[in-house]
There are 2 protein chains.
Amino acid sequence: MSGTESPAVAVRRGRPRDAARDRALLAATLAVLAESGYGGLTTAAVAARAGVSTATLYRRWSSKEALVLAASAAFAADLEQRPDTGTLEGDLRILLRDKAAGLTGESGRLMRALIGEAAHNVALAEALTAALIDPVRDRVAEAVRRAVARGEIAPLPDVDLVADLVIGPMVSRFLLTAHPSDTQDTQDARGTADRLLPFVLRAVGGQDASGDGGFA
Amino acid sequence: MSGTESPAVAVRRGRPRDAARDRALLAATLAVLAESGYGGLTTAAVAARAGVSTATLYRRWSSKEALVLAASAAFAADLEQRPDTGTLEGDLRILLRDKAAGLTGESGRLMRALIGEAAHNVALAEALTAALIDPVRDRVAEAVRRAVARGEIAPLPDVDLVADLVIGPMVSRFLLTAHPSDTQDTQDARGTADRLLPFVLRAVGGQDASGDGGFA
């Protein structure tokens with residue numbers, strides 16, 4: 001493929017190969033981000049890891065920032081699932097465990113790299129909000145709506161805050177701690193999510209299955 | 001004062017003046033951090049703003065990092081208060097409002113600058129945890145202990161998680177959003193803290209004074 005052919009021709013002729021190459025480039029971006037942070041990431045390093053030229057990379061994404069935004073969005077899409085377990089407790093357990101997994105291990109390292117940069121990069125912060133925060137808000141709102149429809153809980157005012165009760169404690173626990181999250185065992189994180197569940201359930205007016213409300 | 005006199009002599013002769021100069025340097029550090037971020041902060045800019053030479057600054061703090069750590073600790077000490085309002089609701093309201101105030105406006109801008117750096121600077125992350133997170137954990141644990149002693153709530157397992165329920169939602173709301181926190185009105189933040197209060201109270205098994213449990 002020459003650099004001068006029109007994008008329309010490239011799309012028509014090369015879609016399957018382009019899609020595979022795009023996926024490889026986005027995966028390479030995530031790997032380099034997790035290793036080197038946003039500041040240390042270069043498009044040359046990403047291209048080299050994906051086995052393509054930087055010219056090929058730039059034909060698809062015009063800047064390092066655009067590349068990182070696309071990689072973040074792809075990463076978030078991979079995490080996306082909206083299970084309906086039939087109970088508020090079940091739905092919240094999955095949400096909390098997903099969040100715990102997303103903030104520890106390799107994806108925790110990635111989140112640290114991105115959050116550090118997002119603190120002073122509004123475009124990246126907006127993209128991260130859209131890719132990582134808003135979907136969780138939607139999932140939490142859905143779970144609460146289903147629970148209200150089933151008569152499990154009373155309608156809640158300020159339902160927008162429930163998402164912060166799910167996201168926030170995991171963030172303060174795993175991202176604002178002194179030690180890089182890759183030293184946090186993802187299994188421990190799951191345990192923390194499960195310990196947090198009774199608090200969140202009570203916060204929204206639900207009951208946990210153990211019947212003792214999580215109290216000692 | 002020459003650069004060659006011993007620290008002991010400097011302390012004996014100049015303590016009041018040194019203390020005032022230290023405070024001016026730490027205040028200048030916070031101002032430059034909030035304006036320029038950690039990466040943009042130079043000891044020369046801090047010294048110039050405080051009206052001292054960089055040699056004077058370096059006699060007190062040996063590096064940019066040591067200076068920022070000291071400024072963070074001083075900032076956190078200023079925020080520290082442990083009011084006992086006599087009710088769990090009152091104590092949690094103050095904690096949530098304090099946290100909201102600390103994450104918006106000028107101190108929010110500062111927190112963004114520090115958290116961005118802490119994402120890949122373990123020494124700074126440890127200092128921030130000790131200065132900003134641990135004291136909130138202690139305050140929350142105290143408030144819960146008093147509430148249990150008064151018979152307001154049953155003893156809680158996993159009381160360590162209550163602090164994350166107080167800190168976390170404010171963080172996910174004000175630090176992980178797309179827009180710099182200085183555009184967030186601190187008055188709005190206080191409103192968010194107050195809306196969150198019934199959720200946190202229910203989470204720990206308490207009742208809010210309105211009697212309707214915050215439900216619609």
# chains A, B, ... in the order shown; residues from 1 in each chain; ligands from 1

$ interface_residues --of "chain A" --to "chain B" --cutoff "7 Å" --atoms "only C-alpha atoms" --output "ChimeraX atom specification"
/A:112-113,115-117,119,122,125-126,129,154-157,161,164-165,167-169,171-173,177-179,196,199-200,202-204,215-216

$ select_by_dssp --residues "segment 18-135 of chain A" --states "alpha helix (DSSP H)" --output "ChimeraX atom specification"
/A:18-40,43-50,54-60,64-79,88-102,105-118,122-128,134-135

$ closest_residue --among "B:Ala76, B:Ala143, B:Ala131, B:Leu110" --to "Leu41 of chain B" --atoms "only C-alpha atoms"
B:Leu110

$ closest_residue --among "A:Ala48, A:Ala101, A:Ala73, A:Leu92" --to "Asp134 of chain A" --atoms "only C-alpha atoms"
A:Ala73

$ closest_residue --among "A:Gly151, A:Gly108, A:Leu25, A:Ala31" --to "Thr54 of chain A" --atoms "only C-alpha atoms"
A:Leu25

$ residues_around --residues "segment 185-189 of chain A" --least-positions-apart "3" --cutoff "8 Å" --atoms "only C-alpha atoms" --output "mmCIF file with C-alpha atoms, in the first residue's frame"
data_model
loop_
_atom_site.group_PDB
_atom_site.id
_atom_site.type_symbol
_atom_site.label_atom_id
_atom_site.label_comp_id
_atom_site.auth_asym_id
_atom_site.auth_seq_id
_atom_site.Cartn_x
_atom_site.Cartn_y
_atom_site.Cartn_z
ATOM 1 C CA ARG A 97 -15.361 -7.191 41.038
ATOM 2 C CA ALA A 100 -11.398 -4.184 41.294
ATOM 3 C CA ALA A 101 -9.934 -6.204 38.423
ATOM 4 C CA THR A 104 -5.157 -3.889 39.712
ATOM 5 C CA GLY A 105 -2.632 -5.993 37.833
ATOM 6 C CA ASP A 182 0.732 -4.296 40.019
ATOM 7 C CA THR A 192 -12.006 -6.255 48.852
ATOM 8 C CA ALA A 193 -14.826 -5.876 46.327
#

$ residues_around --residues "Tyr58 of chain B" --least-positions-apart "2" --cutoff "12 Å" --atoms "only C-alpha atoms" --output "ChimeraX atom specification"
/B:3,22,25,43-44,46-47,52-56,60-67

$ write_last_selection --atoms "all heavy atoms" --output "CSV table (one decimal), in the first residue's frame"
chain,number,residue,atom,x,y,z
B,3,GLY,N,26.5,30.7,53.9
B,3,GLY,CA,26.2,29.3,53.6
B,3,GLY,C,27.1,28.3,54.3
B,3,GLY,O,26.8,27.1,54.3
B,22,ASP,N,10.5,29.4,56.2
B,22,ASP,CA,10.0,28.0,55.7
B,22,ASP,C,8.6,28.1,55.3
B,22,ASP,O,8.2,27.5,54.3
B,22,ASP,CB,10.2,27.0,56.9
B,22,ASP,CG,11.6,26.6,57.1
B,22,ASP,OD1,12.5,27.2,56.4
B,22,ASP,OD2,11.9,25.8,58.0
B,25,LEU,N,8.3,29.6,52.0
B,25,LEU,CA,8.7,28.7,50.9
B,25,LEU,C,7.7,27.6,50.6
B,25,LEU,O,7.5,27.3,49.5
B,25,LEU,CB,10.1,28.1,51.3
B,25,LEU,CG,11.3,29.0,50.9
B,25,LEU,CD1,12.6,28.5,51.7
B,25,LEU,CD2,11.6,29.0,49.4
B,43,THR,N,12.8,24.7,41.5
B,43,THR,CA,13.1,25.3,42.8
B,43,THR,C,13.4,26.8,42.6
B,43,THR,O,13.2,27.6,43.5
B,43,THR,CB,14.4,24.6,43.4
B,43,THR,OG1,15.4,24.5,42.4
B,43,THR,CG2,14.0,23.2,43.9
B,44,ALA,N,13.9,27.2,41.4
B,44,ALA,CA,14.2,28.6,41.2
B,44,ALA,C,12.9,29.4,41.2
B,44,ALA,O,12.9,30.5,41.8
B,44,ALA,CB,14.9,28.8,39.8
B,46,VAL,N,10.2,28.7,42.8
B,46,VAL,CA,9.7,28.7,44.2
B,46,VAL,C,10.5,29.7,45.0
B,46,VAL,O,9.9,30.6,45.7
B,46,VAL,CB,9.8,27.3,44.9
B,46,VAL,CG1,9.5,27.4,46.4
B,46,VAL,CG2,8.8,26.3,44.2
B,47,ALA,N,11.8,29.7,44.9
B,47,ALA,CA,12.7,30.6,45.6
B,47,ALA,C,12.3,32.1,45.2
B,47,ALA,O,12.2,33.0,46.1
B,47,ALA,CB,14.1,30.3,45.4
B,52,VAL,N,13.6,34.5,48.2
B,52,VAL,CA,14.9,34.1,48.8
B,52,VAL,C,15.7,33.5,47.6
B,52,VAL,O,15.3,33.3,46.5
B,52,VAL,CB,14.7,33.0,49.9
B,52,VAL,CG1,13.8,33.5,51.0
B,52,VAL,CG2,14.2,31.7,49.3
B,53,SER,N,17.0,33.2,47.9
B,53,SER,CA,17.9,32.6,46.9
B,53,SER,C,17.6,31.1,46.9
B,53,SER,O,17.1,30.5,47.8
B,53,SER,CB,19.3,32.9,47.2
B,53,SER,OG,19.7,32.2,48.4
B,54,THR,N,18.0,30.5,45.7
B,54,THR,CA,17.9,29.1,45.7
B,54,THR,C,18.8,28.4,46.7
B,54,THR,O,18.5,27.3,47.2
B,54,THR,CB,18.2,28.5,44.2
B,54,THR,OG1,19.4,29.1,43.8
B,54,THR,CG2,17.1,28.9,43.3
B,55,ALA,N,20.0,29.1,47.0
B,55,ALA,CA,20.9,28.5,48.0
B,55,ALA,C,20.2,28.4,49.3
B,55,ALA,O,20.3,27.4,50.0
B,55,ALA,CB,22.1,29.4,48.1
B,56,THR,N,19.4,29.4,49.7
B,56,THR,CA,18.7,29.4,50.9
B,56,THR,C,17.7,28.2,50.9
B,56,THR,O,17.5,27.5,51.9
B,56,THR,CB,17.9,30.7,51.1
B,56,THR,OG1,18.9,31.8,51.2
B,56,THR,CG2,17.1,30.7,52.4
B,60,ARG,N,17.6,24.3,53.2
B,60,ARG,CA,16.5,23.7,54.0
B,60,ARG,C,16.0,22.4,53.4
B,60,ARG,O,15.8,21.4,54.2
B,60,ARG,CB,15.4,24.7,54.1
B,60,ARG,CG,14.3,24.4,55.0
B,60,ARG,CD,14.7,24.3,56.4
B,60,ARG,NE,13.5,23.9,57.2
B,60,ARG,CZ,13.2,22.6,57.4
B,60,ARG,NH1,13.9,21.7,56.9
B,60,ARG,NH2,12.1,22.3,58.1
B,61,TRP,N,15.9,22.3,52.1
B,61,TRP,CA,15.4,21.1,51.4
B,61,TRP,C,16.4,20.8,50.3
B,61,TRP,O,16.7,21.6,49.5
B,61,TRP,CB,14.0,21.3,50.9
B,61,TRP,CG,13.0,21.4,52.0
B,61,TRP,CD1,12.5,20.4,52.8
B,61,TRP,CD2,12.4,22.6,52.4
B,61,TRP,NE1,11.6,21.0,53.7
B,61,TRP,CE2,11.5,22.3,53.5
B,61,TRP,CE3,12.4,24.0,52.1
B,61,TRP,CZ2,10.7,23.2,54.2
B,61,TRP,CZ3,11.7,24.9,52.7
B,61,TRP,CH2,10.8,24.5,53.8
B,62,SER,N,16.8,19.5,50.3
B,62,SER,CA,17.9,19.1,49.4
B,62,SER,C,17.5,18.9,48.0
B,62,SER,O,18.3,18.7,47.1
B,62,SER,CB,18.6,17.9,50.0
B,62,SER,OG,17.7,16.8,50.0
B,63,SER,N,16.2,18.8,47.7
B,63,SER,CA,15.7,18.5,46.4
B,63,SER,C,14.3,19.0,46.2
B,63,SER,O,13.6,19.3,47.1
B,63,SER,CB,15.7,17.0,46.1
B,63,SER,OG,14.7,16.4,46.9
B,64,LYS,N,14.0,19.1,44.9
B,64,LYS,CA,12.6,19.5,44.5
B,64,LYS,C,11.6,18.5,45.2
B,64,LYS,O,10.6,19.0,45.7
B,64,LYS,CB,12.5,19.5,43.0
B,64,LYS,CG,11.1,19.4,42.5
B,64,LYS,CD,11.1,19.4,40.9
B,64,LYS,CE,9.8,19.0,40.3
B,64,LYS,NZ,9.7,19.2,38.8
B,65,GLU,N,11.9,17.3,45.2
B,65,GLU,CA,11.0,16.3,45.7
B,65,GLU,C,10.8,16.5,47.2
B,65,GLU,O,9.7,16.4,47.7
B,65,GLU,CB,11.5,14.9,45.5
B,65,GLU,CG,10.5,13.8,45.8
B,65,GLU,CD,11.0,12.4,45.4
B,65,GLU,OE1,11.8,11.8,46.1
B,65,GLU,OE2,10.6,11.9,44.3
B,66,ALA,N,11.9,16.7,48.0
B,66,ALA,CA,11.8,16.9,49.4
B,66,ALA,C,11.0,18.2,49.7
B,66,ALA,O,10.2,18.2,50.7
B,66,ALA,CB,13.2,17.1,50.0
B,67,LEU,N,11.2,19.2,48.9
B,67,LEU,CA,10.4,20.4,49.1
B,67,LEU,C,8.9,20.2,48.9
B,67,LEU,O,8.1,20.6,49.7
B,67,LEU,CB,10.9,21.4,48.0
B,67,LEU,CG,10.2,22.8,48.0
B,67,LEU,CD1,10.4,23.6,49.3
B,67,LEU,CD2,10.6,23.6,46.8

$ closest_residue --among "A:Glu106, A:Asp18, A:Val68, A:Ala147" --to "Thr42 of chain A" --atoms "only C-alpha atoms"
A:Val68

$ closest_residue --among "A:Val159, A:Val144, A:Val32, A:Leu96" --to "Ala50 of chain A" --atoms "only C-alpha atoms"
A:Val32

$ closest_residue --among "A:Arg49, A:Arg93, A:Arg139, A:Arg59" --to "Leu30 of chain A" --atoms "only C-alpha atoms"
A:Arg49

$ atom_distance --atom1 "atom CA of Phe174 of chain A" --atom2 "atom CA of Leu103 of chain A"
6.3 Å

$ atom_distance --atom1 "atom CA of Tyr38 of chain A" --atom2 "atom CA of Gly39 of chain B"
13.4 Å
